[in-house]
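Worksheet for the structure shown next.
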Amino acid sequence: MMSPVAVVISTALVLFAGHGLLRRLRFSCSSGPGWFGWSLLAGCTFLAALATLLSPLSLAHPWGLAAGLLVAGFIFKRPHTSEVQGNWFDFGSAILVVGSVAWLAWSKPLWNPDALLRWGMHARWLVESNSLLPQAINSIEWAGSHPTYPPLLSAMGGLTIGLGGDPEVCLRLLSPIFLLALLGIVTGFCSRHCGRRNGVLLTLSLALTPCMSWLERASRMGSEIETVGLGGAAFLADIPLALCLTAAAVLILEANLHPRERAQELCLGLACAAAVWCKQEGLPSILALLAVAAISLPQRRWLIRPSLIALAAFFLWRLVCWDMTVAEGENYLSVGGLGAIAGELERFPLILNGLSAEFGDVLRWGPLWFVTAVLIVTVLLGLVSNKITAWRPVICALLWISAGVGIAFAGFMATGWRDGNVELLMEVSLSRLLIHFAPCLTLALATALHLTSRNNLQVNNQ
Amino acid sequence: MRSTLLTLLYLWLAANLWLAATRGVPALVNAGESPWGESLAASAEELPANLRDRKLEDRIVHFVSRRTGQLAPLVKFEAYPATVIEIPRKGLQRAEIIALTRELGGNFALWHLSQGGWRLQEISQ
């Protein structure tokens with residue numbers, strides 16, 4: 001029973017530090033579940049920063065990190081500037097879904113190679129050598145374990161193992177917490193903009209999407225690759241990255257629907273750093289998100305500083321892991337990797353076929369892509385009778401989903417994994433990549449409902 | 001237009017609830033079942049002398065059989081891109097498993113199973 005206790009303690013520490021940090025930044029969020037999501041995000045970002053800075057000195061001892069979180073929580077703490085309503089009852093159905101995901105995670109061994117050989121192994125490095133980048137792995141033989149993968153998830157895993165959790169069981173139990181945080185932020189946004197009832201329904205729709213919470217499928221390639229619990233039940237960085245991107249998206253939409261506060265800019269920077277430290281796709285994803293917002297929304301100048309924070313977070317991590325090896329064919333941001341996007345045109349139809357199969361896979365996605373398509377058509381029809389300026393936030397949210405698809409597309413064009421075996425790579429990772437921006441559909445639908453509410457229609461028509 | 005959006009939301013939720021009821025609940029109920037594929041049991045005598053040419057699991061079976069004097073039931077899980085093999089056998093010390101990985105000549109991550117025994121994951125790209 002030590003593992004659940006360790007998970008609870010490490011999560012509580014991260015929440016405590018994040019809670020203090022948000023209060024220091026004077027961030028306001030009226031929803032209890034939303035505050036939970038934001039606190040987890042802020043706390044994890046702080047933990048990742050701490051592990052990044054201490055790893056080169058081999059000082060990232062789990063107990064030291066725990067003490068750092070505790071001290072940060074006390075130092076940052078200041079009186080509340082806004083009232084947080086509990087409204088946990090509205091979040092009950094989402095908690096129930098995440099509870100079942102936690103049961104799935106508890107019941108199933110850690111099996112996914114990325115979970116075992118990347119995130120889980122990096123977490124163990126932290127425990128055994130007090131560093132996410134021990135010098136012992138600075139050789140080409142270890143390139144396949146991807147030591148340059150970003151620190152956030154590994155630091156969280158290492159902290160929990162270091163507090164006494166079983167190296168496998170506690171990692172499994174950590175994963176659903178990120179899903180809960182993601183749903184918390186989504187429910188906070190939706191309830192505020194389209195009413196409590198619709199907020200609950202939107203959150204539940206997203207939570208029940210098979211590849212977000214549970215997934216049972218046979219491989220399209222005929223092999224028996226098991227994928228039950230691929231989403232929230234797997235110790236992978238996809239749901240955490242979706243959390244970071246959704247948090248950033250929520251802040252940008254909020255700033256365009258209501259008067260912007262300075263705290264939003266700072267918290268957007270925090271979400272940007274978290275995305276970059278979460279997964280290697282984090283930097284292109286967050287930059288694409290900011291670029292789309294800058295193009296489609298009127299408030300764009302305030303996006304510059306968060307962009308710079310994202311780049312600073314990226315270069316800090318690259319500086320710390322500068323001497324670590326990168327697996328052959330997997331340096332996507334290199335000149336060769338980017339050049340391959342234009343040079344591997346024969347992959348184009350393969351990737352298109354894979355994407356179309358993915359969009360039509362109801363067992364994996366439910367009707368999510370159908371809803372996206374209908375929403376696009378509805379918005380286009382709505383533009384005929386309404387001013388385009390009013391619909392900008394919805395268009396922006398839909399463009400974010402398109403950007404996510406585009407990034408996945410570019411990744412498959414550029415990959416040199418297993419000599420460019422794109423079909424296999426798509427089989428094992430396309431669903432996961434599309435998870436990153438999928439929650440934006442919920443935000444788009446909530447914003448559209450907000451704009452079509454009676455009060456807002458009157459304002460728009462005046 | 002608002003009614004279209006709300007209909008879309010209800011359809012989305014209804015379809016996901018149906019999927020959860022028909023596929024998700026059975027997945028949850030069966031979650032405790034072993035995901036580790038077929039059991040492998042091989043006799044050490046059946047293995048050829050040149051173990052290096054044999055499949056990884058055969059080599060491990062041979063090694064564990066030699067060390068423990070018993071046939072070693074292994075469970076093997078073919079995951080991409082790495083092979084994952086569990087040796088659910090108590091009594092094998094860490095040093096012995098490290099010796100095994102040296103004999104196998106590859107890179108392996110070792111995990112001690114909470115119920116006893118070891119899991120080896122071949123580190124490959």
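Identifiers in the structure tokens: chain A, B, ... in order shown; residue index from 1 per chain; ligand index from 1 in order shown.
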
Worksheet item: Please, which residues of stretch 171-219 of chain A, numbered as in this document, come out helix (DSSP H, G or I) from DSSP, as a VMD selection string?
Response: chain A and resid 171 to 194 196 to 207 210 to 213

Fill in: Two-atom distance - atom CA of A:Val320, atom CA of A:Arg24 (Å)
27.7 Å

Worksheet item: Taking only C-alpha atoms into account, which of A:Ile407, A:Leu116, A:Ala49, A:Val8 comes nearest B:Arg119?
Response: A:Leu116

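Reported to one decimal place, the separation of atom CA of A:Ala143 from atom CA of A:Leu163 is 28.3 Å.
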
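The residue that comes closest to B:Leu6, out of A:Val98, A:Leu202, A:Leu53, A:Leu399 and on the basis of only C-alpha atoms, is A:Leu202.
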
Can you list, as a PDB file with all heavy atoms, in the first residue's frame, every protein, DNA or RNA residue that comes within 7 Å of stretch 270-281 of chain A when you count only C-alpha atoms, leaving out same-chain residues fewer than 4 positions away?
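Contents of part-v9.pdb, freshly written:
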```pdb
ATOM      1  N   ALA A  42       1.012  24.188 -12.353  1.00  0.00           N
ATOM      2  CA  ALA A  42       2.033  25.109 -11.844  1.00  0.00           C
ATOM      3  C   ALA A  42       3.056  24.371 -10.984  1.00  0.00           C
ATOM      4  O   ALA A  42       4.265  24.592 -11.101  1.00  0.00           O
ATOM      5  CB  ALA A  42       1.363  26.218 -11.031  1.00  0.00           C
ATOM      6  N   THR A  45       5.398  22.299 -13.115  1.00  0.00           N
ATOM      7  CA  THR A  45       6.359  23.160 -13.824  1.00  0.00           C
ATOM      8  C   THR A  45       7.490  23.553 -12.886  1.00  0.00           C
ATOM      9  O   THR A  45       8.673  23.526 -13.271  1.00  0.00           O
ATOM     10  CB  THR A  45       5.650  24.431 -14.358  1.00  0.00           C
ATOM     11  OG1 THR A  45       4.441  24.041 -14.987  1.00  0.00           O
ATOM     12  CG2 THR A  45       6.520  25.163 -15.342  1.00  0.00           C
ATOM     13  N   TYR A 149      14.772  13.460 -23.636  1.00  0.00           N
ATOM     14  CA  TYR A 149      13.339  13.719 -23.469  1.00  0.00           C
ATOM     15  C   TYR A 149      13.142  14.656 -22.275  1.00  0.00           C
ATOM     16  O   TYR A 149      13.825  14.524 -21.257  1.00  0.00           O
ATOM     17  CB  TYR A 149      12.583  12.407 -23.225  1.00  0.00           C
ATOM     18  CG  TYR A 149      12.159  11.688 -24.493  1.00  0.00           C
ATOM     19  CD1 TYR A 149      12.741  11.984 -25.719  1.00  0.00           C
ATOM     20  CD2 TYR A 149      11.184  10.709 -24.464  1.00  0.00           C
ATOM     21  CE1 TYR A 149      12.359  11.321 -26.873  1.00  0.00           C
ATOM     22  CE2 TYR A 149      10.792  10.032 -25.611  1.00  0.00           C
ATOM     23  CZ  TYR A 149      11.379  10.343 -26.815  1.00  0.00           C
ATOM     24  OH  TYR A 149      10.996   9.683 -27.939  1.00  0.00           O
ATOM     25  N   PRO A 150      12.169  15.563 -22.381  1.00  0.00           N
ATOM     26  CA  PRO A 150      12.019  16.611 -21.353  1.00  0.00           C
ATOM     27  C   PRO A 150      11.719  16.083 -19.938  1.00  0.00           C
ATOM     28  O   PRO A 150      11.324  14.928 -19.767  1.00  0.00           O
ATOM     29  CB  PRO A 150      10.860  17.445 -21.892  1.00  0.00           C
ATOM     30  CG  PRO A 150      10.806  17.154 -23.335  1.00  0.00           C
ATOM     31  CD  PRO A 150      11.228  15.738 -23.494  1.00  0.00           C
ATOM     32  N   PRO A 151      11.910  16.954 -18.931  1.00  0.00           N
ATOM     33  CA  PRO A 151      12.005  16.474 -17.550  1.00  0.00           C
ATOM     34  C   PRO A 151      10.721  16.366 -16.735  1.00  0.00           C
ATOM     35  O   PRO A 151      10.739  15.745 -15.687  1.00  0.00           O
ATOM     36  CB  PRO A 151      12.915  17.525 -16.913  1.00  0.00           C
ATOM     37  CG  PRO A 151      12.570  18.791 -17.639  1.00  0.00           C
ATOM     38  CD  PRO A 151      12.251  18.381 -19.050  1.00  0.00           C
ATOM     39  N   LEU A 152       9.626  16.960 -17.162  1.00  0.00           N
ATOM     40  CA  LEU A 152       8.481  17.132 -16.259  1.00  0.00           C
ATOM     41  C   LEU A 152       7.927  15.805 -15.729  1.00  0.00           C
ATOM     42  O   LEU A 152       7.823  15.589 -14.513  1.00  0.00           O
ATOM     43  CB  LEU A 152       7.389  17.935 -16.965  1.00  0.00           C
ATOM     44  CG  LEU A 152       6.210  18.392 -16.113  1.00  0.00           C
ATOM     45  CD1 LEU A 152       5.726  19.776 -16.545  1.00  0.00           C
ATOM     46  CD2 LEU A 152       5.042  17.436 -16.150  1.00  0.00           C
ATOM     47  N   LEU A 153       7.606  14.908 -16.640  1.00  0.00           N
ATOM     48  CA  LEU A 153       6.964  13.658 -16.220  1.00  0.00           C
ATOM     49  C   LEU A 153       7.944  12.778 -15.428  1.00  0.00           C
ATOM     50  O   LEU A 153       7.582  12.158 -14.424  1.00  0.00           O
ATOM     51  CB  LEU A 153       6.457  12.912 -17.457  1.00  0.00           C
ATOM     52  CG  LEU A 153       5.469  11.788 -17.217  1.00  0.00           C
ATOM     53  CD1 LEU A 153       4.219  12.283 -16.533  1.00  0.00           C
ATOM     54  CD2 LEU A 153       5.089  11.119 -18.541  1.00  0.00           C
ATOM     55  N   ALA A 237       3.477  10.909 -21.820  1.00  0.00           N
ATOM     56  CA  ALA A 237       3.432  12.364 -21.685  1.00  0.00           C
ATOM     57  C   ALA A 237       2.337  13.009 -22.517  1.00  0.00           C
ATOM     58  O   ALA A 237       2.250  14.230 -22.569  1.00  0.00           O
ATOM     59  CB  ALA A 237       4.787  12.941 -22.080  1.00  0.00           C
ATOM     60  N   PRO A 240      -0.471  14.661 -20.175  1.00  0.00           N
ATOM     61  CA  PRO A 240       0.108  15.867 -19.569  1.00  0.00           C
ATOM     62  C   PRO A 240       0.334  17.004 -20.569  1.00  0.00           C
ATOM     63  O   PRO A 240       0.078  18.168 -20.253  1.00  0.00           O
ATOM     64  CB  PRO A 240       1.444  15.365 -19.003  1.00  0.00           C
ATOM     65  CG  PRO A 240       1.181  13.938 -18.668  1.00  0.00           C
ATOM     66  CD  PRO A 240       0.269  13.451 -19.752  1.00  0.00           C
ATOM     67  N   LEU A 241       0.782  16.668 -21.804  1.00  0.00           N
ATOM     68  CA  LEU A 241       0.959  17.736 -22.791  1.00  0.00           C
ATOM     69  C   LEU A 241      -0.392  18.322 -23.180  1.00  0.00           C
ATOM     70  O   LEU A 241      -0.520  19.540 -23.359  1.00  0.00           O
ATOM     71  CB  LEU A 241       1.695  17.210 -24.036  1.00  0.00           C
ATOM     72  CG  LEU A 241       1.924  18.250 -25.148  1.00  0.00           C
ATOM     73  CD1 LEU A 241       2.687  19.462 -24.625  1.00  0.00           C
ATOM     74  CD2 LEU A 241       2.680  17.636 -26.322  1.00  0.00           C
ATOM     75  N   CYS A 244      -1.245  20.854 -20.637  1.00  0.00           N
ATOM     76  CA  CYS A 244      -0.517  22.129 -20.792  1.00  0.00           C
ATOM     77  C   CYS A 244      -1.107  22.956 -21.936  1.00  0.00           C
ATOM     78  O   CYS A 244      -1.321  24.163 -21.797  1.00  0.00           O
ATOM     79  CB  CYS A 244       0.964  21.875 -21.067  1.00  0.00           C
ATOM     80  SG  CYS A 244       1.783  20.888 -19.822  1.00  0.00           S
ATOM     81  N   LEU A 245      -1.358  22.301 -23.067  1.00  0.00           N
ATOM     82  CA  LEU A 245      -1.867  23.025 -24.238  1.00  0.00           C
ATOM     83  C   LEU A 245      -3.287  23.533 -23.980  1.00  0.00           C
ATOM     84  O   LEU A 245      -3.637  24.656 -24.370  1.00  0.00           O
ATOM     85  CB  LEU A 245      -1.840  22.120 -25.472  1.00  0.00           C
ATOM     86  CG  LEU A 245      -0.443  21.663 -25.926  1.00  0.00           C
ATOM     87  CD1 LEU A 245      -0.550  20.671 -27.078  1.00  0.00           C
ATOM     88  CD2 LEU A 245       0.409  22.857 -26.348  1.00  0.00           C
ATOM     89  N   ALA A 247      -4.558  24.262 -21.078  1.00  0.00           N
ATOM     90  CA  ALA A 247      -4.457  25.373 -20.132  1.00  0.00           C
ATOM     91  C   ALA A 247      -4.093  26.656 -20.869  1.00  0.00           C
ATOM     92  O   ALA A 247      -4.694  27.717 -20.630  1.00  0.00           O
ATOM     93  CB  ALA A 247      -3.405  25.049 -19.073  1.00  0.00           C
ATOM     94  N   ALA A 248      -3.124  26.565 -21.777  1.00  0.00           N
ATOM     95  CA  ALA A 248      -2.722  27.749 -22.544  1.00  0.00           C
ATOM     96  C   ALA A 248      -3.888  28.238 -23.407  1.00  0.00           C
ATOM     97  O   ALA A 248      -4.158  29.448 -23.488  1.00  0.00           O
ATOM     98  CB  ALA A 248      -1.508  27.410 -23.415  1.00  0.00           C
ATOM     99  N   LEU A 266       1.313  35.841 -17.157  1.00  0.00           N
ATOM    100  CA  LEU A 266       2.324  35.080 -16.412  1.00  0.00           C
ATOM    101  C   LEU A 266       1.976  33.593 -16.402  1.00  0.00           C
ATOM    102  O   LEU A 266       2.842  32.728 -16.568  1.00  0.00           O
ATOM    103  CB  LEU A 266       2.431  35.615 -14.980  1.00  0.00           C
ATOM    104  CG  LEU A 266       2.907  37.070 -14.870  1.00  0.00           C
ATOM    105  CD1 LEU A 266       2.754  37.568 -13.450  1.00  0.00           C
ATOM    106  CD2 LEU A 266       4.360  37.182 -15.317  1.00  0.00           C
ATOM    107  N   SER A 285       4.315  22.451 -30.653  1.00  0.00           N
ATOM    108  CA  SER A 285       2.875  22.545 -30.379  1.00  0.00           C
ATOM    109  C   SER A 285       2.516  23.886 -29.751  1.00  0.00           C
ATOM    110  O   SER A 285       1.549  24.526 -30.168  1.00  0.00           O
ATOM    111  CB  SER A 285       2.442  21.410 -29.445  1.00  0.00           C
ATOM    112  OG  SER A 285       2.653  20.178 -30.056  1.00  0.00           O
ATOM    113  N   ILE A 286       3.287  24.294 -28.763  1.00  0.00           N
ATOM    114  CA  ILE A 286       2.928  25.549 -28.078  1.00  0.00           C
ATOM    115  C   ILE A 286       3.190  26.752 -28.981  1.00  0.00           C
ATOM    116  O   ILE A 286       2.435  27.731 -28.968  1.00  0.00           O
ATOM    117  CB  ILE A 286       3.671  25.683 -26.706  1.00  0.00           C
ATOM    118  CG1 ILE A 286       2.975  26.705 -25.800  1.00  0.00           C
ATOM    119  CG2 ILE A 286       5.129  26.065 -26.865  1.00  0.00           C
ATOM    120  CD1 ILE A 286       1.662  26.291 -25.273  1.00  0.00           C
ATOM    121  N   PRO A 306       5.054  35.155 -23.392  1.00  0.00           N
ATOM    122  CA  PRO A 306       4.934  33.697 -23.216  1.00  0.00           C
ATOM    123  C   PRO A 306       5.711  32.901 -24.271  1.00  0.00           C
ATOM    124  O   PRO A 306       6.285  31.851 -23.964  1.00  0.00           O
ATOM    125  CB  PRO A 306       3.427  33.460 -23.345  1.00  0.00           C
ATOM    126  CG  PRO A 306       2.816  34.732 -22.870  1.00  0.00           C
ATOM    127  CD  PRO A 306       3.734  35.804 -23.343  1.00  0.00           C
ATOM    128  N   ILE A 309       9.195  32.853 -23.156  1.00  0.00           N
ATOM    129  CA  ILE A 309       9.362  31.933 -22.018  1.00  0.00           C
ATOM    130  C   ILE A 309       9.453  30.489 -22.528  1.00  0.00           C
ATOM    131  O   ILE A 309      10.275  29.701 -22.056  1.00  0.00           O
ATOM    132  CB  ILE A 309       8.186  32.095 -21.018  1.00  0.00           C
ATOM    133  CG1 ILE A 309       8.291  33.449 -20.314  1.00  0.00           C
ATOM    134  CG2 ILE A 309       8.188  30.965 -19.985  1.00  0.00           C
ATOM    135  CD1 ILE A 309       7.109  33.795 -19.425  1.00  0.00           C
ATOM    136  N   ALA A 310       8.626  30.156 -23.533  1.00  0.00           N
ATOM    137  CA  ALA A 310       8.674  28.803 -24.110  1.00  0.00           C
ATOM    138  C   ALA A 310      10.053  28.527 -24.698  1.00  0.00           C
ATOM    139  O   ALA A 310      10.643  27.455 -24.473  1.00  0.00           O
ATOM    140  CB  ALA A 310       7.601  28.643 -25.180  1.00  0.00           C
ATOM    141  N   ALA A 313      12.646  28.127 -21.918  1.00  0.00           N
ATOM    142  CA  ALA A 313      12.534  26.806 -21.278  1.00  0.00           C
ATOM    143  C   ALA A 313      13.164  25.738 -22.159  1.00  0.00           C
ATOM    144  O   ALA A 313      13.868  24.836 -21.670  1.00  0.00           O
ATOM    145  CB  ALA A 313      11.061  26.477 -21.019  1.00  0.00           C
ATOM    146  N   PHE A 314      12.956  25.847 -23.459  1.00  0.00           N
ATOM    147  CA  PHE A 314      13.521  24.873 -24.400  1.00  0.00           C
ATOM    148  C   PHE A 314      15.049  24.933 -24.372  1.00  0.00           C
ATOM    149  O   PHE A 314      15.725  23.907 -24.247  1.00  0.00           O
ATOM    150  CB  PHE A 314      12.998  25.178 -25.813  1.00  0.00           C
ATOM    151  CG  PHE A 314      13.632  24.338 -26.881  1.00  0.00           C
ATOM    152  CD1 PHE A 314      13.283  23.003 -27.033  1.00  0.00           C
ATOM    153  CD2 PHE A 314      14.587  24.873 -27.731  1.00  0.00           C
ATOM    154  CE1 PHE A 314      13.877  22.222 -28.006  1.00  0.00           C
ATOM    155  CE2 PHE A 314      15.184  24.100 -28.713  1.00  0.00           C
ATOM    156  CZ  PHE A 314      14.828  22.772 -28.853  1.00  0.00           C
TER     157      PHE A 314
END
```

Within 7 Å of stretch 362-367 of chain A using only C-alpha atoms, minus same-chain residues under 4 positions, as an mmCIF file with N, CA and C atoms, in the first residue's frame:
```cif
data_model
loop_
_atom_site.group_PDB
_atom_site.id
_atom_site.type_symbol
_atom_site.label_atom_id
_atom_site.label_comp_id
_atom_site.auth_asym_id
_atom_site.auth_seq_id
_atom_site.Cartn_x
_atom_site.Cartn_y
_atom_site.Cartn_z
ATOM 1 N N THR A 209 -14.268 9.991 -24.095
ATOM 2 C CA THR A 209 -13.646 9.676 -25.388
ATOM 3 C C THR A 209 -12.675 8.509 -25.167
ATOM 4 N N PRO A 210 -12.868 7.400 -25.904
ATOM 5 C CA PRO A 210 -12.113 6.185 -25.568
ATOM 6 C C PRO A 210 -10.606 6.372 -25.428
ATOM 7 N N CYS A 211 -9.977 7.067 -26.376
ATOM 8 C CA CYS A 211 -8.514 7.108 -26.257
ATOM 9 C C CYS A 211 -8.036 8.140 -25.245
ATOM 10 N N LEU A 215 -9.227 2.429 -23.762
ATOM 11 C CA LEU A 215 -9.178 2.099 -25.182
ATOM 12 C C LEU A 215 -8.911 0.614 -25.322
ATOM 13 N N VAL A 371 -18.003 15.356 -34.792
ATOM 14 C CA VAL A 371 -18.460 16.584 -34.124
ATOM 15 C C VAL A 371 -17.618 17.772 -34.599
ATOM 16 N N TRP B 12 -22.811 13.701 -29.124
ATOM 17 C CA TRP B 12 -21.441 13.353 -28.744
ATOM 18 C C TRP B 12 -21.435 12.568 -27.422
ATOM 19 N N ALA B 15 -23.199 9.059 -27.761
ATOM 20 C CA ALA B 15 -22.353 8.067 -28.445
ATOM 21 C C ALA B 15 -21.229 7.591 -27.526
ATOM 22 N N ASN B 16 -20.619 8.508 -26.795
ATOM 23 C CA ASN B 16 -19.522 8.118 -25.891
ATOM 24 C C ASN B 16 -20.032 7.286 -24.715
#
```

Worksheet item: Any idea what's packed within 8 Å of A:Leu173, counting only C-alpha atoms, ignoring anything in its chain fewer than 2 positions away? Could you give it as a ChimeraX atom specification?
Response: /A:4,7,102,105-106,169-171,175-177,233

Fill in: Selection: 12 Å around A:Phe370, only C-alpha atoms, excl. self and same-chain fewer than 2 positions, as a list in words
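Counting only the stated atoms, we get Ser356, Glu358, Phe359, Gly360, Asp361, Val362, Trp365, Gly366, Pro367, Leu368, Thr372, Ala373, Val374, Leu375, Ile376, Val377 and Leu441 of chain A; Leu8, Leu9, Leu11, Trp12 and Ala15 of chain B.
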
Fill in: Residue contacts of A:Glu423 (8 Å, only C-alpha atoms) excluding same-chain residues fewer than 6 positions away, as a VMD selection string
chain A and resid 350 to 351 354

Create the file for the chosen residues now, containing C-alpha atoms and written as a PDB file, in the first residue's frame.
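Saved file result.pdb follows:
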```
ATOM      1  CA  LEU A 350       0.547   6.923 -46.628  1.00  0.00           C
ATOM      2  CA  ILE A 351       0.094   9.546 -43.944  1.00  0.00           C
ATOM      3  CA  GLY A 354      -3.472   6.803 -41.838  1.00  0.00           C
TER       4      GLY A 354
END
```

Worksheet item: How far is it from atom CA of A:Val428 to atom CA of A:Pro167, in Å with one decimal?
Response: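 So the answer is 24.4 Å.
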
Worksheet item: So which one's closest to chain B, A:Ala242, A:Leu13, A:Ala115, A:Ile304? Using only C-alpha atoms, please.
Response: A:Ala115

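Nearest residue to chain B among A:Ala446, A:Leu183, A:Leu316, A:Val394 is A:Ala446, counting only C-alpha atoms.
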